$ cat upload.cif   # mmCIF, C-alpha atoms
data_input
#
loop_
_atom_site.label_atom_id
_atom_site.label_comp_id
_atom_site.auth_asym_id
_atom_site.auth_seq_id
_atom_site.Cartn_x
_atom_site.Cartn_y
_atom_site.Cartn_z
CA GLY A 285 133.15 153.35 62.20
CA ASN A 286 135.19 150.79 60.31
CA SER A 287 137.84 148.84 62.18
CA VAL A 288 139.85 145.63 62.24
CA THR A 289 140.84 143.67 65.33
CA GLN A 290 143.57 141.04 65.26
CA MET A 291 144.82 138.65 67.87
CA GLU A 292 147.91 139.90 69.63
CA GLY A 293 151.24 138.27 69.03
CA PRO A 294 153.78 137.10 68.97
CA VAL A 295 152.69 133.65 67.92
CA THR A 296 155.44 131.05 68.20
CA LEU A 297 154.99 127.66 66.53
CA SER A 298 157.10 124.68 65.62
CA GLU A 299 157.57 123.83 61.98
CA GLU A 300 154.64 121.85 60.49
CA ALA A 301 152.22 123.07 63.17
CA PHE A 302 148.74 124.37 62.33
CA LEU A 303 148.32 128.14 62.28
CA THR A 304 145.31 130.29 63.02
CA ILE A 305 145.47 134.07 63.31
CA ASN A 306 142.13 135.57 64.26
CA CYS A 307 140.74 138.68 62.61
CA THR A 308 137.35 140.31 63.15
CA TYR A 309 136.04 143.49 61.61
CA THR A 310 133.44 146.19 62.03
CA ALA A 311 132.08 147.79 58.89
CA THR A 312 128.90 149.09 57.33
CA GLY A 313 127.77 146.99 54.41
CA TYR A 314 130.07 144.55 52.67
CA PRO A 315 133.75 145.46 52.81
CA SER A 316 136.53 143.73 50.91
CA LEU A 317 138.90 141.82 53.21
CA PHE A 318 142.63 141.22 52.89
CA TRP A 319 145.63 139.67 54.54
CA TYR A 320 148.97 141.39 53.97
CA VAL A 321 152.33 139.95 55.06
CA GLN A 322 155.57 141.71 55.91
CA TYR A 323 158.68 139.55 55.80
CA PRO A 324 161.78 140.79 57.63
CA GLY A 325 163.38 143.69 55.79
CA GLU A 326 160.67 143.84 53.13
CA GLY A 327 157.58 145.92 52.41
CA LEU A 328 154.02 144.76 52.99
CA GLN A 329 152.68 142.53 50.26
CA LEU A 330 149.26 141.10 49.54
CA LEU A 331 148.85 137.51 50.72
CA LEU A 332 145.19 136.90 49.87
CA LYS A 333 141.83 138.62 49.60
CA ALA A 334 138.08 138.03 49.52
CA THR A 335 135.58 140.51 48.19
CA LYS A 336 132.21 139.05 49.19
CA ALA A 337 130.64 136.90 51.85
CA ASP A 338 131.58 133.19 51.86
CA ASP A 339 134.48 133.79 49.47
CA LYS A 340 137.68 131.96 50.35
CA GLY A 341 141.00 133.58 49.56
CA SER A 342 144.06 131.35 49.29
CA ASN A 343 147.75 131.66 48.46
CA LYS A 344 150.98 129.85 49.41
CA GLY A 345 149.03 127.35 51.49
CA PHE A 346 147.27 130.07 53.51
CA GLU A 347 143.48 130.37 53.49
CA ALA A 348 140.88 132.73 54.90
CA THR A 349 137.09 132.67 54.53
CA TYR A 350 134.93 135.81 54.57
CA ARG A 351 132.31 135.12 57.26
CA LYS A 352 129.62 137.76 57.31
CA GLU A 353 127.67 136.16 60.16
CA THR A 354 130.63 136.30 62.52
CA THR A 355 132.33 139.34 60.85
CA SER A 356 135.56 137.36 60.71
CA PHE A 357 138.37 136.60 58.28
CA HIS A 358 140.67 134.24 60.17
CA LEU A 359 143.95 133.24 58.54
CA GLU A 360 144.88 129.53 58.55
CA LYS A 361 147.66 127.31 57.32
CA GLY A 362 147.85 123.60 57.81
CA SER A 363 151.62 123.25 58.13
CA VAL A 364 153.82 126.29 58.71
CA GLN A 365 157.44 126.60 57.65
CA VAL A 366 160.30 128.64 59.07
CA SER A 367 160.04 130.85 55.99
CA ASP A 368 156.50 131.88 57.06
CA SER A 369 157.98 133.88 59.94
CA ALA A 370 156.69 137.41 59.36
CA VAL A 371 154.16 139.98 60.52
CA TYR A 372 150.62 139.43 59.23
CA PHE A 373 148.12 142.28 58.84
CA CYS A 374 144.39 141.90 58.37
CA ALA A 375 142.79 144.79 56.46
CA LEU A 376 139.54 145.93 54.92
CA THR A 377 138.35 148.46 52.38
CA PRO A 378 134.87 149.79 53.15
CA PRO A 379 132.26 149.90 50.38
CA SER A 380 131.91 153.67 50.70
CA GLY A 381 135.59 154.55 50.34
CA THR A 382 137.03 151.74 48.37
CA TYR A 383 140.58 153.03 48.34
CA LYS A 384 140.97 153.64 52.06
CA TYR A 385 142.50 150.51 53.51
CA ILE A 386 142.04 150.03 57.25
CA PHE A 387 144.64 147.77 58.84
CA GLY A 388 144.77 145.80 62.05
CA THR A 389 147.74 146.13 64.38
CA GLY A 390 149.53 143.10 62.96
CA THR A 391 150.43 139.69 64.40
CA ARG A 392 154.03 138.56 64.49
CA LEU A 393 154.55 134.87 63.69
CA LYS A 394 157.76 133.08 64.58
CA VAL A 395 158.23 129.51 63.33
CA LEU A 396 160.95 127.44 64.94
CA ALA A 397 162.78 124.61 63.15
CA GLY B 5 160.11 144.91 37.28
CA ALA B 6 160.91 147.67 39.74
CA GLY B 7 158.71 147.98 42.78
CA VAL B 8 157.75 151.03 44.80
CA SER B 9 160.87 152.91 45.84
CA GLN B 10 161.07 155.18 48.88
CA THR B 11 163.93 157.46 49.79
CA PRO B 12 165.57 157.92 52.14
CA SER B 13 165.21 154.63 53.96
CA ASN B 14 166.08 156.35 57.23
CA LYS B 15 165.88 159.99 58.24
CA VAL B 16 166.92 161.49 61.56
CA THR B 17 166.02 165.12 62.13
CA GLU B 18 165.82 167.57 64.98
CA LYS B 19 162.55 168.81 66.40
CA GLY B 20 161.34 171.84 64.47
CA LYS B 21 163.06 170.98 61.20
CA TYR B 22 161.47 170.42 57.79
CA VAL B 23 161.66 167.04 56.03
CA GLU B 24 160.70 165.65 52.65
CA LEU B 25 160.07 161.97 51.97
CA ARG B 26 160.03 160.71 48.40
CA CYS B 27 158.07 157.92 46.74
CA ASP B 28 158.56 156.47 43.26
CA PRO B 29 155.55 154.29 42.45
CA ILE B 30 155.39 151.42 40.02
CA SER B 31 155.34 152.75 36.46
CA GLY B 32 151.82 153.12 35.16
CA HIS B 33 150.11 152.98 38.54
CA THR B 34 147.66 155.84 38.73
CA ALA B 35 146.78 155.51 42.41
CA LEU B 36 149.29 156.42 45.13
CA TYR B 37 148.85 156.26 48.88
CA TRP B 38 150.76 157.41 51.93
CA TYR B 39 150.39 155.57 55.22
CA ARG B 40 152.07 156.02 58.59
CA GLN B 41 153.00 153.11 60.83
CA SER B 42 153.85 153.71 64.45
CA LEU B 43 155.61 151.10 66.54
CA GLY B 44 153.35 148.14 67.26
CA GLN B 45 150.53 149.49 65.12
CA GLY B 46 149.16 148.81 61.69
CA PRO B 47 149.50 151.32 58.85
CA GLU B 48 147.23 154.38 59.16
CA PHE B 49 145.92 156.14 56.09
CA LEU B 50 147.25 159.63 55.40
CA ILE B 51 146.45 160.62 51.82
CA TYR B 52 145.43 159.17 48.48
CA PHE B 53 146.23 160.46 44.98
CA GLN B 54 144.50 159.54 41.77
CA GLY B 55 146.76 160.94 39.09
CA THR B 56 148.04 164.38 40.09
CA GLY B 57 145.25 165.30 42.46
CA ALA B 58 144.80 164.44 46.10
CA ALA B 59 141.47 162.62 46.06
CA ASP B 60 141.38 162.27 49.83
CA ASP B 61 143.70 163.89 52.38
CA SER B 62 141.48 163.27 55.38
CA GLY B 63 144.15 161.21 57.13
CA LEU B 64 146.75 163.98 57.34
CA PRO B 65 147.00 164.71 61.07
CA ASN B 66 147.35 168.51 60.81
CA ASP B 67 148.46 171.31 58.51
CA ARG B 68 152.14 170.60 59.10
CA PHE B 69 151.75 167.66 56.73
CA PHE B 70 151.43 168.14 53.00
CA ALA B 71 151.93 165.89 49.97
CA VAL B 72 152.26 166.54 46.25
CA ARG B 73 152.35 164.52 43.07
CA PRO B 74 152.84 167.16 40.38
CA GLU B 75 153.27 164.93 37.34
CA GLY B 76 151.17 161.99 38.42
CA SER B 77 154.13 159.79 39.20
CA VAL B 78 156.65 160.64 41.96
CA SER B 79 155.16 161.92 45.20
CA THR B 80 156.72 163.86 48.06
CA LEU B 81 155.40 163.94 51.60
CA LYS B 82 156.44 167.14 53.35
CA ILE B 83 156.43 167.68 57.10
CA GLN B 84 157.03 171.13 58.55
CA ARG B 85 158.15 171.95 62.11
CA THR B 86 158.63 168.28 62.94
CA GLU B 87 157.67 167.03 66.40
CA ARG B 88 158.86 163.95 68.28
CA GLY B 89 155.40 162.45 67.85
CA ASP B 90 155.95 162.41 64.08
CA SER B 91 158.51 159.62 64.52
CA ALA B 92 157.22 156.60 62.62
CA VAL B 93 157.69 154.59 59.44
CA TYR B 94 156.10 156.36 56.49
CA LEU B 95 154.87 153.93 53.87
CA CYS B 96 154.05 154.63 50.27
CA ALA B 97 151.95 152.31 48.13
CA SER B 98 150.64 152.33 44.59
CA SER B 99 148.01 150.41 42.69
CA PRO B 100 146.96 150.24 39.07
CA GLY B 101 143.47 151.61 39.68
CA GLN B 102 141.15 153.07 42.23
CA LEU B 103 139.02 150.04 42.97
CA GLY B 104 139.09 148.83 46.55
CA ASN B 105 139.98 145.30 45.62
CA SER B 106 143.07 146.34 43.65
CA PRO B 107 146.02 145.23 45.76
CA LEU B 108 148.39 147.80 47.15
CA HIS B 109 152.08 147.51 46.29
CA PHE B 110 154.10 148.90 49.19
CA GLY B 111 157.58 150.31 49.37
CA ASN B 112 159.90 149.45 52.24
CA GLY B 113 159.12 152.72 53.97
CA THR B 114 161.08 155.65 55.36
CA ARG B 115 161.84 155.46 59.06
CA LEU B 116 161.64 159.00 60.42
CA THR B 117 163.14 159.76 63.82
CA VAL B 118 162.65 163.20 65.31
CA THR B 119 165.05 163.93 68.16
#
$ encode --input "upload.cif" --output "structure tokens"
Amino acid sequence: GNSVTQMEGPVTLSEEAFLTINCTYTATGYPSLFWYVQYPGEGLQLLLKATKADDKGSNKGFEATYRKETTSFHLEKGSVQVSDSAVYFCALTPPSGTYKYIFGTGTRLKVLA
Amino acid sequence: GAGVSQTPSNKVTEKGKYVELRCDPISGHTALYWYRQSLGQGPEFLIYFQGTGAADDSGLPNDRFFAVRPEGSVSTLKIQRTERGDSAVYLCASSPGQLGNSPLHFGNGTRLTVT
């Protein structure tokens, strides 16, 4: 079946450090891939997405590249800020059921000043 | 503009009671979703509406769970004979269409605690 696996958190970094949060997926065909972010006290919101292989999604300094060969969609940011502290969720929508988002378990990021 | 609104934000109920959770989607969004998020887990799909009809309710865990969207806007998730295992955050989301790459707009959720 379709699934998403994320690295476990929490991830604790100092401000301006480099961030990687790993995400791998299992799916039939070519799913669409997403990163959602949940800031403290707020609902989940879309951070970035990629809909086909080799696409790179980017937003607010975050990037992720859709890698079909490694079935991965790792989230990266070159220099994190305290305001990036949040829970990050990797997700996919399978080609067969395009509305049914499948989420990973989430990775909590804490950035220290 | 207004986002997705969920009420109540918190609900505590006793085992065996009936509860209703409400979702007001973004105006004009035809697609509406309910997800459930247990502690330490990602959101799990429950049900999807396109307009007034439930296009897919395959994620509802059993027949104690039911959801409606009678006028194609507000939706209510209904849980009968609640059990302690139903305790979770119930998330509602809407999107403008039914395509898989349309982003979901989430509400802040209703935290349900069954004692």
$ interface_residues --input "upload.cif" --of "chain A" --to "chain B" --cutoff "12 Å" --atoms "all atoms listed in the file" --output "ChimeraX atom specification"
/A:287-290,292-294,314-336,371-392
$ residues_around --input "upload.cif" --residues "region 350-361 of chain A" --least-positions-apart "6" --cutoff "6 Å" --atoms "only C-alpha atoms" --output "PDB file with C-alpha atoms, keeping the file's coordinate frame"
ATOM      1  CA  PHE A 302     148.740 124.370  62.330  1.00  0.00           C
ATOM      2  CA  LEU A 303     148.320 128.140  62.280  1.00  0.00           C
ATOM      3  CA  THR A 304     145.310 130.290  63.020  1.00  0.00           C
ATOM      4  CA  ILE A 305     145.470 134.070  63.310  1.00  0.00           C
ATOM      5  CA  ASN A 306     142.130 135.570  64.260  1.00  0.00           C
ATOM      6  CA  CYS A 307     140.740 138.680  62.610  1.00  0.00           C
ATOM      7  CA  THR A 308     137.350 140.310  63.150  1.00  0.00           C
ATOM      8  CA  TYR A 309     136.040 143.490  61.610  1.00  0.00           C
ATOM      9  CA  ALA A 337     130.640 136.900  51.850  1.00  0.00           C
ATOM     10  CA  ASP A 338     131.580 133.190  51.860  1.00  0.00           C
ATOM     11  CA  ASP A 339     134.480 133.790  49.470  1.00  0.00           C
TER      12      ASP A 339
END
$ atom_distance --input "upload.cif" --atom1 "CA of Ala92 (chain B)" --atom2 "CA of Thr80 (chain B)"
16.3 Å
$ atom_distance --input "upload.cif" --atom1 "CA of Leu393 (chain A)" --atom2 "CA of Ser342 (chain A)"
18.2 Å
$ closest_residue --input "upload.cif" --among "B:Thr34, B:Thr86, B:Ser98, B:Ser62" --to "Val16 (chain B)" --atoms "only C-alpha atoms"
B:Thr86
$ atom_distance --input "upload.cif" --atom1 "CA of Val364 (chain A)" --atom2 "CA of Ala301 (chain A)"
5.7 Å
$ resolve_selection --input "upload.cif" --expression "the PyMOL selection byres ((chain A and resi 300) around 12)" --output "list in words"
Leu297, Ser298, Glu299, Ala301, Phe302, Leu303, Gly345, Lys361, Gly362, Ser363, Val364, Gln365, Val366, Ser367, Asp368, Val395, Leu396 and Ala397 of chain A
$ resolve_selection --input "upload.cif" --expression "the PyMOL selection byres ((chain B and resi 69) around 9)" --output "PDB file with C-alpha atoms, in the coordinates of the input"
ATOM      1  CA  LEU B  64     146.750 163.980  57.340  1.00  0.00           C
ATOM      2  CA  PRO B  65     147.000 164.710  61.070  1.00  0.00           C
ATOM      3  CA  ASN B  66     147.350 168.510  60.810  1.00  0.00           C
ATOM      4  CA  ASP B  67     148.460 171.310  58.510  1.00  0.00           C
ATOM      5  CA  ARG B  68     152.140 170.600  59.100  1.00  0.00           C
ATOM      6  CA  PHE B  70     151.430 168.140  53.000  1.00  0.00           C
ATOM      7  CA  ALA B  71     151.930 165.890  49.970  1.00  0.00           C
ATOM      8  CA  LEU B  81     155.400 163.940  51.600  1.00  0.00           C
ATOM      9  CA  LYS B  82     156.440 167.140  53.350  1.00  0.00           C
ATOM     10  CA  ILE B  83     156.430 167.680  57.100  1.00  0.00           C
ATOM     11  CA  GLN B  84     157.030 171.130  58.550  1.00  0.00           C
TER      12      GLN B  84
END
$ resolve_selection --input "upload.cif" --expression "the PyMOL selection byres ((chain B and resi 73) around 9)" --output "ChimeraX atom specification"
/B:36,53,55-58,71-72,74-80
$ write_last_selection --input "upload.cif" --atoms "C-alpha atoms" --output "short mmCIF file (atom, residue, chain, number, x, y, z; two decimals), keeping the file's coordinate frame"
data_model
loop_
_atom_site.label_atom_id
_atom_site.label_comp_id
_atom_site.auth_asym_id
_atom_site.auth_seq_id
_atom_site.Cartn_x
_atom_site.Cartn_y
_atom_site.Cartn_z
CA LEU B 36 149.29 156.42 45.13
CA PHE B 53 146.23 160.46 44.98
CA GLY B 55 146.76 160.94 39.09
CA THR B 56 148.04 164.38 40.09
CA GLY B 57 145.25 165.30 42.46
CA ALA B 58 144.80 164.44 46.10
CA ALA B 71 151.93 165.89 49.97
CA VAL B 72 152.26 166.54 46.25
CA PRO B 74 152.84 167.16 40.38
CA GLU B 75 153.27 164.93 37.34
CA GLY B 76 151.17 161.99 38.42
CA SER B 77 154.13 159.79 39.20
CA VAL B 78 156.65 160.64 41.96
CA SER B 79 155.16 161.92 45.20
CA THR B 80 156.72 163.86 48.06
#
$ closest_residue --input "upload.cif" --among "B:Pro100, B:Ser31, B:Trp38, B:Val118" --to "Thr17 (chain B)" --atoms "all atoms listed in the file"
B:Val118
